[in-house]
Protein chains: 2
Amino acid sequence: MSPEVIFDPFTNLYSKATRLVKSSEIRDLMSITGRHDIISFAGGLPYIDGLPKDELASVMESVLQNSHTTALQYGSTEGLVGLKSHLADLMSEEGLDADTDYILITSGSQQALDLLSRVFIDPGDSVVVEGPTYVGALSAFRPNNPEFITVPLDENGIQTNLLRQALESSGGKKPKFIYVVPNFHNPAGVTMSMDRRLDLIEIAHEYDLLIIEDNPYGLLRFEGKPLPTLASIDRDKVIYVGTLSKIVSPGIRVGWVLAPSPIIEKLAKLKQSADLCSSNLSQTFAEEYLQRGLFKKNIPHIREIYRVRRDAMLSSLEENFPEGASWAKPGGGLFIWANLPSYLDTAKMLPLAIEKKVAFVPGGAFYHDGSGRNNMRLNFSFPSPEEIYIGIEKLGTVIRKEMELYRSLGISG
Amino acid sequence: MSPEVIFDPFTNLYSKATRLVKSSEIRDLMSITGRHDIISFAGGLPYIDGLPKDELASVMESVLQNSHTTALQYGSTEGLVGLKSHLADLMSEEGLDADTDYILITSGSQQALDLLSRVFIDPGDSVVVEGPTYVGALSAFRPNNPEFITVPLDENGIQTNLLRQALESSGGKKPKFIYVVPNFHNPAGVTMSMDRRLDLIEIAHEYDLLIIEDNPYGLLRFEGKPLPTLASIDRDKVIYVGTLSKIVSPGIRVGWVLAPSPIIEKLAKLKQSADLCSSNLSQTFAEEYLQRGLFKKNIPHIREIYRVRRDAMLSSLEENFPEGASWAKPGGGLFIWANLPSYLDTAKMLPLAIEKKVAFVPGGAFYHDGSGRNNMRLNFSFPSPEEIYIGIEKLGTVIRKEMELYRSLGISG
């Protein structure tokens, strides 16, 4: 990685500049959080060394020896049928029975969100998002200028009673879709309860609405039993978005959409004009990786690495974060969402944290209107447990100092 | 390749359906042209066996052994800096001196066209395209609904006198850009002359217009000396689009844009919401391939294969196509564009050709308004010289029969 390439924590990317935040001050600060001397809880990067390196090399050797005329050629816009069968297997791990005809391979799930945004959002449309919501979804939806209806989450996921209220008060105007991340939410870490899942599907029928179910982390469960995906409860109302980024590799850019046939056709048509097809090299590689059973073999290993890191972060938060701070324990995934006393502004604390060589994402990035100012998203998949202990301790110090400052000014809860 | 995957000659892709043609009849016919028993001049596929297979495997082994934490991780939206340096080297082969800061890596050049379309085309805008023009450009521009101004080509490229006329008669309305393929045009096979290049740049200054220079085939030159790229003549007015698809591999989906900094920033911002970043696996692979000098080593070999195939097609056309048919001899690239007597309709002849197990793309696909009905695009890079002789002979028979039929009805030139 060249030294001028820096890390963009808002989108989990190495980049020259972060572009989603309005404040140029935060942007400038963020531009240095990719430096190797900074402990970053800001990204959403998987831990690549958790992958079986030698087996990956063997997979690729086989692809280039036996399938090079496919791997290096143009592919179909819809994606390789062989890969789709394996993705169907993967979805069946979460109880979702999928037909390969209804799968479109995309260049990461981000492209799925972009295509869905372009197909569905017309001028004047509204969409429902969770509060907080995935920053990449906001950035995929924004170019088509929807009105955002934000429905708050709690520890059981989207608050469906508040969703009902929002729909009732919309004066009959139907949102184009409801976008949710039911499992191990990014950034909130929470999982939608079974009751809420059923209620959400009921609402979709009652108001004749589509749901986009984004499920990048469902198979990164550390404990407990999986809840059924929304798509497995109701196929007609749910557009399911999946990705191999967090469970195999983000470098291959393999995501997919499972949706009713007319939607897949529209998305495929748009994908054809957007990039013709996804990489056949990546697809044949992913197909062979799944074919050999390496995913099933390796996923318990990755889960264990991430569980240890989550626990390190939880105990470190317990020790170091001040009274008045709170967080939910995520049952899987990559993120912890910390709530700080309401008078604090995490965006203002970021420069102080970076001075101490630790970074996070201020909560405002995960709301369309910039609320969530007293929140921070903390990633535990990329830093080591040791880095987590050191970094959270530093962050605790920054927060305490900030609270003292406010207290000395008479501003505190 | 699974049997239900079929070839889409309009976009060079294997697909379940072709979607760009309005006629469902043609679409149905095209859906079978990917069958292995059909000699297809329809696609625009490079010949993958022209690549050095063992060296490719060695490149990939090195990538996964030495750079796997980069190759399998998220990358920057702008693309890997190391790859960009090599792309700059590649551009210098055509006399274009590029700074890596002004390069954005895209998922194939198709994504570059899509991003440019989204950044530039607002409601009510017009764009200038050549007649005929690349079908993928039409499909990238169409979702943003521009008015298309088509300026005819001749054997020296875009007819700049007609471009001037079109601009004069536009009532002061400025097109957003002029889209051209100066070298070994797809579908027309022609190359823009030096005079036309200079005149086009002059027009861009005179009318304050941007040019999009799409150059996928420039390095596939069979004879003669390269003409300067438009971007090397004038950097401010020209957005240059490149791709490794035709000179390395389309399966890796590596394209790029070279443009003034404010344009690159806008494109990168949109790319971030479109797919976060291009595949790091593909990028590290391409970087290592170029780094090892394999491109420079292999390109003369590919040129020679394609030159032989072009010559096979030219002599076969000479032998088998009837009087009244004509074509330009392309000095490089992948395509020959045949003109048939004006009363013929190639779309109507396609079923007859497919009955004889040979396929081509009817000319109408390459015009926004469906003109070019008496043209056909013939690809010579994918079929072998033997297949070319057999296929062109069959096609000649189909055309002659069709001409006889018209003659017998008293309709002929």
# chains A, B, ... in the order shown; residues from 1 in each chain; ligands from 1
call {"tool": "interface_residues", "arguments": {"of": "chain A", "to": "chain B", "cutoff": "6 Å", "atoms": "only C-alpha atoms", "output": "list of chain:residue names"}}
result
A:Leu13, A:Tyr14, A:Ser15, A:Ile48, A:Ala57, A:Leu64, A:Thr69, A:Ala71, A:Leu72, A:Gln73, A:Tyr74, A:Gly75, A:Ser76, A:Gln110, A:Gln111, A:Asp114, A:Ser139, A:Ala140, A:Ser249, A:Pro250, A:Gly251, A:Ile252, A:Arg253, A:Ser273, A:Ala274, A:Asp275, A:Ser279, A:Asn280, A:Leu281
call {"tool": "residues_around", "arguments": {"residues": "Arg292 in chain B", "least_positions_apart": "2", "cutoff": "12 Å", "atoms": "only C-alpha atoms", "output": "list in words"}}
result
Glu55, Leu56, Ser58, Val59, Met60, Ser62, His86, Phe285, Ala286, Glu287, Glu288, Tyr289, Leu290, Leu294, Phe295, Lys296, Lys297 and Asn298 of chain B
call {"tool": "write_last_selection", "arguments": {"atoms": "all heavy atoms", "output": "compact mmCIF listing (two decimals), in the first residue's frame"}}
result
# COMPACT_ATOMS: atom_id res chain seq x y z
N GLU B 55 2.39 -18.30 -17.48
CA GLU B 55 2.87 -17.06 -16.86
C GLU B 55 1.75 -16.37 -16.06
O GLU B 55 2.00 -15.79 -15.01
CB GLU B 55 3.47 -16.13 -17.91
CG GLU B 55 4.90 -16.58 -18.27
CD GLU B 55 5.43 -15.98 -19.55
OE1 GLU B 55 4.64 -15.88 -20.52
OE2 GLU B 55 6.61 -15.63 -19.59
N LEU B 56 0.53 -16.50 -16.56
CA LEU B 56 -0.60 -15.95 -15.81
C LEU B 56 -0.75 -16.67 -14.47
O LEU B 56 -0.98 -16.04 -13.43
CB LEU B 56 -1.91 -16.12 -16.60
CG LEU B 56 -2.07 -15.21 -17.82
CD1 LEU B 56 -3.26 -15.67 -18.64
CD2 LEU B 56 -2.25 -13.77 -17.38
N SER B 58 1.57 -18.12 -12.81
CA SER B 58 2.69 -17.72 -11.97
C SER B 58 2.47 -16.32 -11.37
O SER B 58 2.78 -16.06 -10.21
CB SER B 58 3.98 -17.78 -12.79
OG SER B 58 4.93 -16.89 -12.30
N VAL B 59 1.89 -15.42 -12.16
CA VAL B 59 1.56 -14.08 -11.66
C VAL B 59 0.59 -14.20 -10.49
O VAL B 59 0.78 -13.59 -9.43
CB VAL B 59 0.92 -13.23 -12.78
CG1 VAL B 59 0.22 -12.00 -12.21
CG2 VAL B 59 1.98 -12.81 -13.80
N MET B 60 -0.44 -15.01 -10.67
CA MET B 60 -1.46 -15.12 -9.63
C MET B 60 -0.90 -15.78 -8.37
O MET B 60 -1.25 -15.40 -7.26
CB MET B 60 -2.65 -15.90 -10.18
CG MET B 60 -3.87 -15.81 -9.32
SD MET B 60 -4.31 -14.10 -8.84
CE MET B 60 -5.57 -13.76 -10.05
N SER B 62 2.12 -15.54 -7.28
CA SER B 62 2.90 -14.51 -6.60
C SER B 62 1.98 -13.54 -5.86
O SER B 62 2.26 -13.14 -4.73
CB SER B 62 3.77 -13.80 -7.63
OG SER B 62 4.14 -12.54 -7.16
N HIS B 86 1.61 1.63 -13.88
CA HIS B 86 1.78 0.77 -15.06
C HIS B 86 0.81 1.16 -16.17
O HIS B 86 1.15 1.04 -17.35
CB HIS B 86 1.63 -0.69 -14.67
CG HIS B 86 2.78 -1.19 -13.85
ND1 HIS B 86 4.05 -1.32 -14.37
CD2 HIS B 86 2.87 -1.55 -12.55
CE1 HIS B 86 4.87 -1.75 -13.43
NE2 HIS B 86 4.18 -1.89 -12.31
N PHE B 285 -3.39 -8.42 -9.62
CA PHE B 285 -3.06 -9.34 -10.71
C PHE B 285 -2.58 -8.55 -11.94
O PHE B 285 -1.53 -8.85 -12.51
CB PHE B 285 -4.31 -10.16 -11.04
CG PHE B 285 -4.20 -11.08 -12.21
CD1 PHE B 285 -3.49 -12.27 -12.10
CD2 PHE B 285 -4.81 -10.78 -13.41
CE1 PHE B 285 -3.40 -13.15 -13.17
CE2 PHE B 285 -4.72 -11.65 -14.49
CZ PHE B 285 -4.01 -12.83 -14.36
N ALA B 286 -3.34 -7.53 -12.31
CA ALA B 286 -2.97 -6.72 -13.47
C ALA B 286 -1.65 -6.00 -13.23
O ALA B 286 -0.79 -5.91 -14.12
CB ALA B 286 -4.07 -5.71 -13.78
N GLU B 287 -1.48 -5.50 -12.01
CA GLU B 287 -0.24 -4.79 -11.67
C GLU B 287 0.97 -5.71 -11.86
O GLU B 287 1.97 -5.32 -12.49
CB GLU B 287 -0.31 -4.28 -10.23
CG GLU B 287 0.90 -3.46 -9.83
CD GLU B 287 0.80 -2.90 -8.40
OE1 GLU B 287 -0.33 -2.79 -7.86
OE2 GLU B 287 1.86 -2.58 -7.83
N GLU B 288 0.86 -6.92 -11.33
CA GLU B 288 1.99 -7.86 -11.42
C GLU B 288 2.23 -8.30 -12.87
O GLU B 288 3.37 -8.44 -13.30
CB GLU B 288 1.69 -9.08 -10.52
CG GLU B 288 2.76 -10.15 -10.48
CD GLU B 288 4.00 -9.77 -9.70
OE1 GLU B 288 3.97 -8.78 -8.94
OE2 GLU B 288 5.03 -10.47 -9.87
N TYR B 289 1.15 -8.47 -13.63
CA TYR B 289 1.27 -8.86 -15.04
C TYR B 289 2.03 -7.79 -15.82
O TYR B 289 2.94 -8.09 -16.61
CB TYR B 289 -0.13 -9.07 -15.64
CG TYR B 289 -0.16 -9.56 -17.06
CD1 TYR B 289 -0.04 -10.92 -17.35
CD2 TYR B 289 -0.32 -8.68 -18.12
CE1 TYR B 289 -0.07 -11.38 -18.67
CE2 TYR B 289 -0.36 -9.13 -19.44
CZ TYR B 289 -0.24 -10.48 -19.71
OH TYR B 289 -0.27 -10.92 -21.01
N LEU B 290 1.67 -6.53 -15.58
CA LEU B 290 2.33 -5.43 -16.27
C LEU B 290 3.76 -5.24 -15.75
O LEU B 290 4.70 -5.02 -16.52
CB LEU B 290 1.52 -4.14 -16.11
CG LEU B 290 0.13 -4.15 -16.77
CD1 LEU B 290 -0.69 -2.93 -16.34
CD2 LEU B 290 0.22 -4.20 -18.29
N LEU B 294 4.96 -8.71 -19.02
CA LEU B 294 4.28 -9.74 -19.83
C LEU B 294 3.40 -9.12 -20.90
O LEU B 294 3.20 -9.70 -21.97
CB LEU B 294 3.46 -10.66 -18.92
CG LEU B 294 4.30 -11.55 -18.00
CD1 LEU B 294 3.42 -12.30 -17.02
CD2 LEU B 294 5.13 -12.53 -18.84
N PHE B 295 2.87 -7.93 -20.61
CA PHE B 295 2.05 -7.28 -21.62
C PHE B 295 2.88 -6.99 -22.87
O PHE B 295 2.53 -7.36 -23.98
CB PHE B 295 1.44 -5.98 -21.07
CG PHE B 295 0.91 -5.11 -22.15
CD1 PHE B 295 -0.27 -5.43 -22.78
CD2 PHE B 295 1.62 -3.99 -22.58
CE1 PHE B 295 -0.75 -4.65 -23.82
CE2 PHE B 295 1.15 -3.21 -23.61
CZ PHE B 295 -0.04 -3.54 -24.23
N LYS B 296 4.03 -6.33 -22.65
CA LYS B 296 4.88 -5.96 -23.79
C LYS B 296 5.38 -7.19 -24.54
O LYS B 296 5.56 -7.18 -25.74
CB LYS B 296 6.06 -5.11 -23.32
CG LYS B 296 5.62 -3.69 -23.00
CD LYS B 296 6.75 -2.75 -22.68
CE LYS B 296 6.16 -1.48 -22.08
NZ LYS B 296 7.15 -0.52 -21.62
N LYS B 297 5.60 -8.26 -23.78
CA LYS B 297 6.10 -9.50 -24.37
C LYS B 297 5.00 -10.17 -25.22
O LYS B 297 5.27 -10.71 -26.28
CB LYS B 297 6.51 -10.44 -23.23
CG LYS B 297 7.43 -11.57 -23.65
CD LYS B 297 7.90 -12.36 -22.43
CE LYS B 297 7.92 -13.85 -22.72
NZ LYS B 297 8.12 -14.64 -21.52
N ASN B 298 3.77 -10.11 -24.73
CA ASN B 298 2.69 -10.89 -25.37
C ASN B 298 1.93 -10.15 -26.44
O ASN B 298 1.34 -10.77 -27.33
CB ASN B 298 1.71 -11.37 -24.29
CG ASN B 298 0.79 -12.46 -24.81
OD1 ASN B 298 1.24 -13.51 -25.25
ND2 ASN B 298 -0.51 -12.18 -24.80
call {"tool": "select_by_dssp", "arguments": {"residues": "range 164-275 of chain B", "states": "helix (DSSP H, G or I)", "output": "PyMOL selection string"}}
result
chain B and resi 164-168+194-206+230-233+250-252+261-275
call {"tool": "atom_distance", "arguments": {"atom1": "CA of Ala42 in chain B", "atom2": "CA of Glu402 in chain B"}}
result
19.8 Å
call {"tool": "residues_around", "arguments": {"residues": "range 392-395 of chain B", "least_positions_apart": "3", "cutoff": "10 Å", "atoms": "only C-alpha atoms", "output": "CSV table (one decimal) with N, CA and C atoms, in the first residue's frame"}}
result
chain,number,residue,atom,x,y,z
B,39,ILE,N,-21.0,-20.7,-35.7
B,39,ILE,CA,-19.9,-19.8,-35.9
B,39,ILE,C,-20.3,-18.4,-35.7
B,41,PHE,N,-19.7,-14.4,-35.5
B,41,PHE,CA,-19.0,-13.2,-35.7
B,41,PHE,C,-19.6,-12.1,-34.9
B,312,ALA,N,-7.8,-13.3,-43.0
B,312,ALA,CA,-8.7,-14.4,-43.4
B,312,ALA,C,-10.1,-13.9,-43.7
B,313,MET,N,-10.5,-13.0,-42.9
B,313,MET,CA,-11.9,-12.5,-43.1
B,313,MET,C,-11.9,-11.6,-44.4
B,314,LEU,N,-10.9,-10.8,-44.6
B,314,LEU,CA,-10.9,-9.9,-45.7
B,314,LEU,C,-10.9,-10.7,-47.0
B,315,SER,N,-10.0,-11.8,-47.1
B,315,SER,CA,-10.0,-12.5,-48.3
B,315,SER,C,-11.2,-13.3,-48.5
B,316,SER,N,-11.8,-13.8,-47.4
B,316,SER,CA,-13.0,-14.6,-47.5
B,316,SER,C,-14.2,-13.7,-47.9
B,317,LEU,N,-14.2,-12.5,-47.4
B,317,LEU,CA,-15.3,-11.5,-47.9
B,317,LEU,C,-15.1,-11.2,-49.4
B,318,GLU,N,-13.9,-11.0,-49.8
B,318,GLU,CA,-13.6,-10.7,-51.2
B,318,GLU,C,-14.2,-11.9,-52.1
B,319,GLU,N,-13.9,-13.1,-51.7
B,319,GLU,CA,-14.4,-14.2,-52.4
B,319,GLU,C,-15.9,-14.5,-52.4
B,320,ASN,N,-16.5,-14.2,-51.2
B,320,ASN,CA,-17.8,-14.7,-51.0
B,320,ASN,C,-19.0,-13.7,-51.0
B,321,PHE,N,-18.6,-12.4,-50.7
B,321,PHE,CA,-19.7,-11.4,-50.6
B,321,PHE,C,-20.0,-10.9,-52.0
B,349,MET,N,-32.2,-10.8,-42.2
B,349,MET,CA,-31.4,-11.9,-42.7
B,349,MET,C,-30.8,-12.8,-41.6
B,350,LEU,N,-30.8,-12.3,-40.4
B,350,LEU,CA,-30.2,-13.0,-39.3
B,350,LEU,C,-30.8,-14.4,-39.1
B,352,LEU,N,-32.0,-16.4,-41.2
B,352,LEU,CA,-31.5,-17.3,-42.3
B,352,LEU,C,-30.1,-17.7,-42.0
B,353,ALA,N,-29.3,-16.7,-41.5
B,353,ALA,CA,-27.9,-17.0,-41.2
B,353,ALA,C,-27.8,-18.0,-40.0
B,354,ILE,N,-28.6,-17.8,-39.0
B,354,ILE,CA,-28.6,-18.7,-37.9
B,354,ILE,C,-29.0,-20.1,-38.3
B,356,LYS,N,-28.3,-21.4,-40.9
B,356,LYS,CA,-27.0,-21.9,-41.5
B,356,LYS,C,-25.9,-22.0,-40.5
B,357,LYS,N,-26.2,-21.7,-39.2
B,357,LYS,CA,-25.3,-21.8,-38.1
B,357,LYS,C,-24.1,-20.8,-38.2
B,358,VAL,N,-24.5,-19.5,-38.5
B,358,VAL,CA,-23.5,-18.5,-38.5
B,358,VAL,C,-24.2,-17.2,-38.0
B,359,ALA,N,-23.5,-16.4,-37.2
B,359,ALA,CA,-24.2,-15.2,-36.6
B,359,ALA,C,-23.4,-14.0,-36.7
B,360,PHE,N,-24.1,-12.8,-36.8
B,360,PHE,CA,-23.4,-11.5,-36.8
B,360,PHE,C,-24.3,-10.5,-36.1
B,378,LEU,N,-18.9,-7.6,-38.1
B,378,LEU,CA,-18.3,-8.9,-38.1
B,378,LEU,C,-17.1,-8.9,-37.3
B,387,GLU,N,-12.8,-21.2,-39.2
B,387,GLU,CA,-14.2,-20.9,-38.9
B,387,GLU,C,-14.6,-19.6,-39.7
B,388,ILE,N,-13.6,-18.7,-39.8
B,388,ILE,CA,-13.9,-17.5,-40.5
B,388,ILE,C,-14.2,-17.8,-42.0
B,389,TYR,N,-13.4,-18.7,-42.6
B,389,TYR,CA,-13.6,-19.0,-44.0
B,389,TYR,C,-15.0,-19.7,-44.2
B,398,VAL,N,-26.2,-16.7,-47.9
B,398,VAL,CA,-27.4,-16.1,-47.4
B,398,VAL,C,-27.7,-14.7,-48.1
B,399,ILE,N,-26.7,-13.9,-48.2
B,399,ILE,CA,-26.8,-12.6,-48.8
B,399,ILE,C,-27.2,-12.7,-50.3
B,400,ARG,N,-26.6,-13.6,-51.0
B,400,ARG,CA,-26.9,-13.7,-52.4
B,400,ARG,C,-28.3,-14.2,-52.6
B,401,LYS,N,-28.7,-15.2,-51.8
B,401,LYS,CA,-30.1,-15.7,-51.9
B,401,LYS,C,-31.1,-14.6,-51.6
call {"tool": "closest_residue", "arguments": {"among": "B:Gly332, B:Ala231, B:Ser193, B:Trp337", "to": "Ser92 in chain B", "atoms": "only C-alpha atoms"}}
result
B:Ala231
call {"tool": "closest_residue", "arguments": {"among": "A:Asp195, A:Pro226, A:Arg235, A:Phe382", "to": "Arg309 in chain A", "atoms": "only C-alpha atoms"}}
result
A:Phe382
call {"tool": "select_by_dssp", "arguments": {"residues": "range 140-337 of chain B", "states": "strand (DSSP E)", "output": "ChimeraX atom specification"}}
result
/B:147-154,157-158,177-180,210-214,238-243,254-258,326-327,335-337
call {"tool": "residues_around", "arguments": {"residues": "Leu258 in chain A", "least_positions_apart": "6", "cutoff": "12 Å", "atoms": "only C-alpha atoms", "output": "PyMOL selection string"}}
result
chain A and resi 78+84+87-88+91+96-106+109+112+116+212-215+230-232+235-243+264-265+267-268
call {"tool": "closest_residue", "arguments": {"among": "B:Gly50, B:Pro385, B:Arg221, B:Leu90", "to": "Ile302 in chain B", "atoms": "only C-alpha atoms"}}
result
B:Gly50
call {"tool": "residues_around", "arguments": {"residues": "Pro322 in chain A", "least_positions_apart": "6", "cutoff": "10 Å", "atoms": "only C-alpha atoms", "output": "JSON list (two decimals) with N, CA, C and O atoms, in the first residue's frame"}}
result
[["chain", "number", "residue", "atom", "x", "y", "z"],
["A", 340, "LEU", "N", -22.86, 7.73, 24.13],
["A", 340, "LEU", "CA", -22.22, 8.54, 25.17],
["A", 340, "LEU", "C", -23.25, 9.52, 25.72],
["A", 340, "LEU", "O", -24.34, 9.68, 25.13],
["A", 341, "PRO", "N", -22.96, 10.16, 26.85],
["A", 341, "PRO", "CA", -23.90, 11.14, 27.39],
["A", 341, "PRO", "C", -24.31, 12.14, 26.29],
["A", 341, "PRO", "O", -23.48, 12.54, 25.47],
["A", 396, "GLY", "N", -11.18, 5.87, 26.13],
["A", 396, "GLY", "CA", -11.79, 6.14, 27.43],
["A", 396, "GLY", "C", -11.23, 7.42, 28.05],
["A", 396, "GLY", "O", -11.97, 8.27, 28.56],
["A", 397, "THR", "N", -9.92, 7.58, 27.95],
["A", 397, "THR", "CA", -9.26, 8.77, 28.48],
["A", 397, "THR", "C", -9.77, 10.04, 27.77],
["A", 397, "THR", "O", -10.06, 11.05, 28.41],
["A", 399, "ILE", "N", -12.61, 10.47, 26.28],
["A", 399, "ILE", "CA", -14.01, 10.75, 26.64],
["A", 399, "ILE", "C", -14.09, 11.36, 28.05],
["A", 399, "ILE", "O", -14.79, 12.35, 28.28],
["A", 400, "ARG", "N", -13.35, 10.76, 29.00],
["A", 400, "ARG", "CA", -13.36, 11.30, 30.36],
["A", 400, "ARG", "C", -12.90, 12.75, 30.40],
["A", 400, "ARG", "O", -13.49, 13.59, 31.08],
["A", 403, "MET", "N", -15.56, 14.95, 29.16],
["A", 403, "MET", "CA", -16.64, 15.08, 30.14],
["A", 403, "MET", "C", -16.24, 16.03, 31.26],
["A", 403, "MET", "O", -17.04, 16.86, 31.71]]
call {"tool": "atom_distance", "arguments": {"atom1": "CA of Asp199 in chain A", "atom2": "CA of Leu162 in chain A"}}
result
11.7 Å
call {"tool": "residues_around", "arguments": {"residues": "Ile121 in chain B", "least_positions_apart": "2", "cutoff": "7 Å", "atoms": "only C-alpha atoms", "output": "NGL selection string"}}
result
:B and (117-119 or 123 or 125 or 144 or 146 or 176)
call {"tool": "residues_around", "arguments": {"residues": "range 362-370 of chain B", "least_positions_apart": "4", "cutoff": "8 Å", "atoms": "only C-alpha atoms", "output": "VMD selection string"}}
result
chain B and resid 10 20 to 21 131 to 135 138 148 150 187 346 to 347 350 374 to 377
call {"tool": "write_last_selection", "arguments": {"atoms": "C-alpha atoms", "output": "CSV table (one decimal), in the first residue's frame"}}
result
chain,number,residue,atom,x,y,z
B,10,PHE,CA,-24.9,-6.9,-28.7
B,20,LEU,CA,-31.0,-3.8,-26.2
B,21,VAL,CA,-32.9,-4.6,-29.3
B,131,GLY,CA,-22.8,7.0,-36.6
B,132,PRO,CA,-22.4,4.1,-36.1
B,133,THR,CA,-21.2,4.1,-32.5
B,134,TYR,CA,-20.3,1.5,-29.8
B,135,VAL,CA,-23.5,-0.2,-28.6
B,138,LEU,CA,-25.5,3.9,-26.2
B,148,PHE,CA,-28.5,11.9,-29.3
B,150,THR,CA,-25.4,11.4,-34.5
B,187,PRO,CA,-18.2,-1.3,-35.1
B,346,THR,CA,-29.6,-7.4,-42.1
B,347,ALA,CA,-31.9,-7.9,-39.2
B,350,LEU,CA,-30.2,-13.0,-39.3
B,374,ASN,CA,-28.1,-2.6,-44.4
B,375,ASN,CA,-24.9,-3.0,-42.3
B,376,MET,CA,-23.5,-5.9,-40.3
B,377,ARG,CA,-20.7,-6.0,-37.7
